[in-house]
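Below: one structure, written as structure tokens.
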Amino acid sequence: MQEHIYKFNSKKVFNQSFLIAFFNISFIIVLIYCIKKVHLSGPFLILLPITVLGTICIPGIFLFFNYLKFSLHKNFILSDKFVQLVDTKTLKEIKFLKKDIQQIELHINYSSSKLPWFNYEYFSIISNDNEKIIVTSFLMDISELWLDGLSKGIDSSKLIKCDEAFPFIKN
């Protein structure tokens with residue numbers, strides 16, 4: 001029996017989270033600059049950068065930690081007969097046969113989005129028993145699933161695409 005194991009990849013995390021970190025660092029720099037200038041020109045100068053950058057930074061931080069929570073200490077195992085998600089910290093596992101897959105929900109950002117989390121996505125594999133395996137892009141992209149030779153038992157017609165502005169994982 002063959003199986004491929006997809007683990008948490010810090011290189012993927014860095015590549016996908018670089019823009020979020022860039023906006024947060026920019027936000028801190030602009031905030032420090034505005035606090036120094038507030039004594040000269042009044043408090044209204046500080047409101048614009050806080051409002052603009054804060055609306056971008058805060059959701060990005062929430063999304064990053066949400067994806068980290070669902071990826072850290074997790075292994076996604078794709079076999080020729082089953083799919084499995086193993087939490088290596090708690091040793092909890094969710095496993096079901098490929099023939100028992102009811103649907104695959106792909107949650108992605110709008111394709112025209114210019115937000116810093118434009119490349120964050122996750123997919124949920126749902127069994128007939130309503131068990132759910134959530135795989136974030138920190139572990140594996142949906143394209144990696146279809147390119148893997150062991151995915152041939154998974155029916156691609158069961159894929160449902162969900163476009164979202166903020167692909168937050170709800171469990």
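Identifiers in the structure tokens: chain A, B, ... in order shown; residue index from 1 per chain; ligand index from 1 in order shown.
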
- Item | Shell around A:Glu121 at 9 Å using only C-alpha atoms, local window under 4 positions removed, as a PyMOL selection string | chain A and resi 106-109+117+135-138+141-142+167-168

- Message: List the spatial neighbours of A:Leu145 as a PyMOL selection string - criterion: any atom at most 10 Å away, only C-alpha atoms, same-chain residues fewer than 5 positions off excluded.
- Response: chain A and resi 78+140+150-152+154

Write a file of the selected residues as a short mmCIF file (atom, residue, chain, number, x, y, z; two decimals), in the first residue's frame, keeping C-alpha atoms.
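Full text of again-v4.cif as output:
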data_model
loop_
_atom_site.label_atom_id
_atom_site.label_comp_id
_atom_site.auth_asym_id
_atom_site.auth_seq_id
_atom_site.Cartn_x
_atom_site.Cartn_y
_atom_site.Cartn_z
CA LEU A 78 -3.15 10.36 1.03
CA MET A 140 -1.19 21.23 0.71
CA LEU A 150 -2.74 8.56 -5.36
CA SER A 151 -5.72 10.90 -5.80
CA LYS A 152 -7.11 8.92 -8.72
CA ILE A 154 -11.23 10.76 -5.61
#

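For the pair atom CA of A:Gln103 and atom CA of A:Ile169, the interatomic distance is 16.9 Å.
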
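Relative to atom CA of A:Ile101, atom CA of A:Lys158 is found at 8.2 Å.
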
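In this model, the gap between atom CA of A:Ser113 and atom CA of A:Ser17 comes to 15.3 Å.
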
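By only C-alpha atoms, and with residues fewer than 5 positions from A:Ile50 along its chain excluded, the set lying at most 9 Å from it is Phe27, Val30, Leu31 and Thr55 of chain A.
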
Could the residues in this selection be written to a file with C-alpha atoms, as a PDB file, in the first residue's frame?
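Everything below was put into out34.pdb:
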ATOM      1  CA  PHE A  27       1.540  49.657  10.052  1.00  0.00           C
ATOM      2  CA  VAL A  30       3.523  54.482  10.165  1.00  0.00           C
ATOM      3  CA  LEU A  31       1.990  54.405  13.627  1.00  0.00           C
ATOM      4  CA  THR A  55      -8.480  47.312   8.372  1.00  0.00           C
TER       5      THR A  55
END

- Taking the backbone alone, and naming residues the way the document does, which bits of stretch 5-126 of chain A are strand (DSSP E) by DSSP, as a PyMOL selection string? chain A and resi 5-7+74-79+82-87+93-97+101-109+121-126

Given the selection you just returned, output its residues as a file containing N, CA and C atoms, formatted as a short mmCIF file (atom, residue, chain, number, x, y, z; two decimals), in the first residue's frame.
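As a result, out_16.cif now contains:
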data_model
loop_
_atom_site.label_atom_id
_atom_site.label_comp_id
_atom_site.auth_asym_id
_atom_site.auth_seq_id
_atom_site.Cartn_x
_atom_site.Cartn_y
_atom_site.Cartn_z
N ILE A 5 2.64 11.53 2.53
CA ILE A 5 2.38 12.31 3.74
C ILE A 5 2.73 13.77 3.47
N TYR A 6 1.77 14.65 3.71
CA TYR A 6 1.98 16.09 3.56
C TYR A 6 2.03 16.70 4.96
N LYS A 7 3.14 17.36 5.26
CA LYS A 7 3.37 17.92 6.59
C LYS A 7 3.36 19.44 6.53
N LYS A 74 0.05 18.86 12.20
CA LYS A 74 -0.89 18.05 11.43
C LYS A 74 -0.16 17.41 10.25
N ASN A 75 -0.57 16.19 9.93
CA ASN A 75 -0.10 15.48 8.75
C ASN A 75 -1.31 15.02 7.96
N PHE A 76 -1.32 15.34 6.68
CA PHE A 76 -2.37 14.86 5.79
C PHE A 76 -1.79 13.68 5.03
N ILE A 77 -2.45 12.55 5.12
CA ILE A 77 -1.96 11.33 4.49
C ILE A 77 -2.93 10.93 3.38
N LEU A 78 -2.38 10.78 2.19
CA LEU A 78 -3.15 10.36 1.03
C LEU A 78 -2.66 8.98 0.63
N SER A 79 -3.55 8.02 0.68
CA SER A 79 -3.21 6.64 0.36
C SER A 79 -4.00 6.21 -0.88
N PHE A 82 -7.45 5.39 1.20
CA PHE A 82 -8.08 6.27 2.17
C PHE A 82 -7.39 7.64 2.20
N VAL A 83 -8.05 8.58 2.89
CA VAL A 83 -7.47 9.88 3.24
C VAL A 83 -7.50 9.97 4.76
N GLN A 84 -6.49 10.66 5.30
CA GLN A 84 -6.36 10.70 6.76
C GLN A 84 -5.69 12.00 7.18
N LEU A 85 -6.15 12.55 8.29
CA LEU A 85 -5.51 13.70 8.91
C LEU A 85 -5.12 13.29 10.33
N VAL A 86 -3.83 13.43 10.64
CA VAL A 86 -3.31 13.02 11.94
C VAL A 86 -2.76 14.25 12.66
N ASP A 87 -3.20 14.44 13.90
CA ASP A 87 -2.63 15.47 14.75
C ASP A 87 -1.48 14.81 15.51
N GLU A 93 -6.79 11.25 15.10
CA GLU A 93 -6.80 11.08 13.65
C GLU A 93 -8.21 10.96 13.12
N ILE A 94 -8.37 11.45 11.90
CA ILE A 94 -9.63 11.31 11.17
C ILE A 94 -9.27 10.57 9.89
N LYS A 95 -9.96 9.46 9.65
CA LYS A 95 -9.62 8.61 8.52
C LYS A 95 -10.89 8.04 7.92
N PHE A 96 -10.97 8.10 6.60
CA PHE A 96 -12.07 7.42 5.91
C PHE A 96 -11.65 7.03 4.50
N LEU A 97 -12.37 6.08 3.95
CA LEU A 97 -12.07 5.57 2.62
C LEU A 97 -12.40 6.61 1.55
N ILE A 101 -16.17 9.51 0.31
CA ILE A 101 -16.14 10.98 0.21
C ILE A 101 -17.44 11.47 -0.41
N GLN A 102 -18.11 12.32 0.33
CA GLN A 102 -19.38 12.89 -0.14
C GLN A 102 -19.13 14.13 -0.99
N GLN A 103 -18.25 15.02 -0.51
CA GLN A 103 -17.92 16.23 -1.27
C GLN A 103 -16.61 16.81 -0.79
N ILE A 104 -16.03 17.66 -1.64
CA ILE A 104 -14.83 18.41 -1.30
C ILE A 104 -15.16 19.88 -1.49
N GLU A 105 -15.06 20.65 -0.43
CA GLU A 105 -15.33 22.10 -0.48
C GLU A 105 -14.00 22.84 -0.55
N LEU A 106 -13.81 23.60 -1.61
CA LEU A 106 -12.62 24.42 -1.77
C LEU A 106 -12.97 25.86 -1.43
N HIS A 107 -12.34 26.40 -0.39
CA HIS A 107 -12.58 27.77 0.05
C HIS A 107 -11.37 28.61 -0.36
N ILE A 108 -11.58 29.50 -1.31
CA ILE A 108 -10.49 30.33 -1.80
C ILE A 108 -10.91 31.79 -1.78
N ASN A 109 -9.90 32.65 -1.89
CA ASN A 109 -10.11 34.07 -1.97
C ASN A 109 -10.60 34.41 -3.37
N GLU A 121 -5.90 29.55 1.10
CA GLU A 121 -7.03 28.71 0.74
C GLU A 121 -7.02 27.46 1.60
N TYR A 122 -8.14 26.82 1.67
CA TYR A 122 -8.21 25.52 2.34
C TYR A 122 -9.31 24.70 1.68
N PHE A 123 -9.21 23.40 1.85
CA PHE A 123 -10.28 22.56 1.36
C PHE A 123 -10.69 21.58 2.45
N SER A 124 -11.97 21.24 2.43
CA SER A 124 -12.54 20.30 3.40
C SER A 124 -13.01 19.07 2.64
N ILE A 125 -12.58 17.91 3.11
CA ILE A 125 -13.05 16.65 2.55
C ILE A 125 -14.07 16.10 3.53
N ILE A 126 -15.29 15.94 3.05
CA ILE A 126 -16.40 15.54 3.93
C ILE A 126 -16.85 14.13 3.54
#

- Determine which residues of chain A DSSP labels as alpha helix (DSSP H) from the backbone of this structure, then write them out as number ranges by chain. A: 10-41, 44-69, 142-147

How about saving the chosen residues, C-alpha atoms kept, as an mmCIF file, in the first residue's frame?
data_model
loop_
_atom_site.group_PDB
_atom_site.id
_atom_site.type_symbol
_atom_site.label_atom_id
_atom_site.label_comp_id
_atom_site.auth_asym_id
_atom_site.auth_seq_id
_atom_site.Cartn_x
_atom_site.Cartn_y
_atom_site.Cartn_z
ATOM 1 C CA SER A 10 7.388 26.560 7.121
ATOM 2 C CA LYS A 11 8.565 27.656 3.657
ATOM 3 C CA LYS A 12 4.959 27.693 2.431
ATOM 4 C CA VAL A 13 3.934 29.627 5.526
ATOM 5 C CA PHE A 14 6.607 32.259 4.874
ATOM 6 C CA ASN A 15 5.713 32.580 1.176
ATOM 7 C CA GLN A 16 2.009 32.908 1.848
ATOM 8 C CA SER A 17 2.346 35.205 4.863
ATOM 9 C CA PHE A 18 5.002 37.612 3.622
ATOM 10 C CA LEU A 19 2.511 40.295 2.553
ATOM 11 C CA ILE A 20 0.616 40.069 5.827
ATOM 12 C CA ALA A 21 3.881 40.548 7.746
ATOM 13 C CA PHE A 22 4.891 43.398 5.410
ATOM 14 C CA PHE A 23 1.621 45.253 6.052
ATOM 15 C CA ASN A 24 1.926 44.751 9.810
ATOM 16 C CA ILE A 25 5.499 46.064 9.881
ATOM 17 C CA SER A 26 4.429 49.005 7.699
ATOM 18 C CA PHE A 27 1.540 49.657 10.052
ATOM 19 C CA ILE A 28 3.860 49.794 13.072
ATOM 20 C CA ILE A 29 6.310 52.132 11.295
ATOM 21 C CA VAL A 30 3.523 54.482 10.165
ATOM 22 C CA LEU A 31 1.990 54.405 13.627
ATOM 23 C CA ILE A 32 5.297 55.368 15.288
ATOM 24 C CA TYR A 33 5.799 58.145 12.734
ATOM 25 C CA CYS A 34 2.280 59.493 13.282
ATOM 26 C CA ILE A 35 2.593 59.412 17.056
ATOM 27 C CA LYS A 36 5.731 61.545 16.791
ATOM 28 C CA LYS A 37 3.959 63.977 14.454
ATOM 29 C CA VAL A 38 0.736 64.162 16.459
ATOM 30 C CA HIS A 39 2.287 66.747 18.761
ATOM 31 C CA LEU A 40 2.865 69.075 15.811
ATOM 32 C CA SER A 41 -0.318 68.746 13.754
ATOM 33 C CA PHE A 44 -6.429 63.823 13.070
ATOM 34 C CA LEU A 45 -3.199 62.905 11.275
ATOM 35 C CA ILE A 46 -3.047 59.611 13.133
ATOM 36 C CA LEU A 47 -6.626 58.520 12.326
ATOM 37 C CA LEU A 48 -6.177 57.946 8.580
ATOM 38 C CA PRO A 49 -3.220 55.526 8.710
ATOM 39 C CA ILE A 50 -4.691 53.656 11.666
ATOM 40 C CA THR A 51 -8.002 53.222 9.863
ATOM 41 C CA VAL A 52 -6.567 52.238 6.470
ATOM 42 C CA LEU A 53 -3.751 49.963 7.599
ATOM 43 C CA GLY A 54 -5.667 48.607 10.583
ATOM 44 C CA THR A 55 -8.480 47.312 8.372
ATOM 45 C CA ILE A 56 -5.887 45.369 6.376
ATOM 46 C CA CYS A 57 -3.588 44.224 9.197
ATOM 47 C CA ILE A 58 -6.002 42.965 11.821
ATOM 48 C CA PRO A 59 -7.944 40.526 9.568
ATOM 49 C CA GLY A 60 -4.640 39.254 8.170
ATOM 50 C CA ILE A 61 -3.360 38.468 11.653
ATOM 51 C CA PHE A 62 -6.584 36.611 12.531
ATOM 52 C CA LEU A 63 -6.429 34.628 9.297
ATOM 53 C CA PHE A 64 -2.757 33.731 9.784
ATOM 54 C CA PHE A 65 -3.315 32.363 13.298
ATOM 55 C CA ASN A 66 -6.483 30.578 12.194
ATOM 56 C CA TYR A 67 -4.582 28.727 9.435
ATOM 57 C CA LEU A 68 -1.677 28.072 11.796
ATOM 58 C CA LYS A 69 -4.064 26.471 14.303
ATOM 59 C CA ILE A 142 -5.746 21.735 -3.995
ATOM 60 C CA SER A 143 -3.577 21.517 -7.118
ATOM 61 C CA GLU A 144 -1.157 19.254 -5.247
ATOM 62 C CA LEU A 145 -4.055 16.956 -4.423
ATOM 63 C CA TRP A 146 -5.053 16.540 -8.074
ATOM 64 C CA LEU A 147 -1.442 16.182 -9.243
#

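If you measure from each of A:Asn9, A:Asn119, A:Gly149, A:Asp163 to A:His73 using only C-alpha atoms, the closest one turns out to be A:Asn9.
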